[in-house]
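Below is one structure; the comments refer to it alone.
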Amino acid sequence: MDATTQITPTFLAQRELAELLRMPERTLEDCRLMQTGPPYFKLGRLVRYDVHDVLTWVHEHRHG
C-alpha cells in the first residue's frame with residue numbers, strides 16, 4: 001500500500017474514552033441508553049468509539 005491508501009483508524013474502548021473525556025464510564029453508558037452521547041459501534045458485545053467521530057461530536061456540543 002502507498003501512503004494515500006493507508007488507513008489507521010483509532011478506536012477507543014469505553015474505559016479509554018472515559019479517561020480521555022475525564023468522565024465516569026457510567027456516564028457514557030447512560031449517554032448510549034439515552035442516545036445523547038458520542039457515536040459508537042458494537043463489535044459483538046464490545047462497544048468502540050472512533051476518535052474522529054468523538055472529536056467531531058465534542059466540537060458540535062461546545063458552548064460559548
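By order in the C-alpha cells, chains are A, B, ...; within a chain, residues start at 1; ligands start at 1, following the order shown.
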Exercise for the section: Quick one: everything within 10 Å of segment 22-38 of chain A, counting only C-alpha atoms, minus sequence neighbours fewer than 2 positions away in the same chain. Send it as a PyMOL selection string. Expected result: chain A and resi 14-20+40+47+49-51+53-58+61
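The spacing separating atom CA of Lys42 of chain A from atom CA of Thr10 of chain A amounts to 14.6 Å.
Going from atom CA of His63 of chain A to atom CA of Pro39 of chain A covers 19.1 Å.
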Practice task
If you run DSSP over the backbone, which residues in chain A end up alpha helix (DSSP H)? Put them as a list of chain:residue names.
Solution key: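 In chain A, DSSP puts these residues in alpha helix (DSSP H): A:Gln14, A:Arg15, A:Glu16, A:Leu17, A:Ala18, A:Glu19, A:Leu20, A:Leu21, A:Glu25, A:Arg26, A:Thr27, A:Leu28, A:Glu29, A:Asp30, A:Cys31, A:Arg32, A:Leu33, A:Met34, A:Val51, A:His52, A:Asp53, A:Val54, A:Leu55, A:Thr56, A:Trp57, A:Val58, A:His59, A:Glu60.
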Problem - Straight-line distance linking atom CA of Leu46 of chain A with atom CA of His59 of chain A, stated in Å to one decimal - result: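 Going from atom CA of Leu46 of chain A over to atom CA of His59 of chain A covers 25.3 Å.
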Practice task
Would you list, as a list in words, the residues of segment 5-63 of chain A that end up in strand (DSSP E) under DSSP run on this structure's backbone?
Solution key: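 Those in segment 5-63 of chain A that DSSP calls strand (DSSP E) are Phe11, Leu12, Ala13, Phe41, Lys42, Leu43, Leu46, Val47, Arg48, Tyr49 and Asp50 of chain A.
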Problem - Within 6 Å of Arg48 of chain A using only C-alpha atoms, minus same-chain residues under 2 positions, as a list of chain:residue names - result: A:Phe11, A:Leu12, A:Ala13, A:Tyr40, A:Phe41
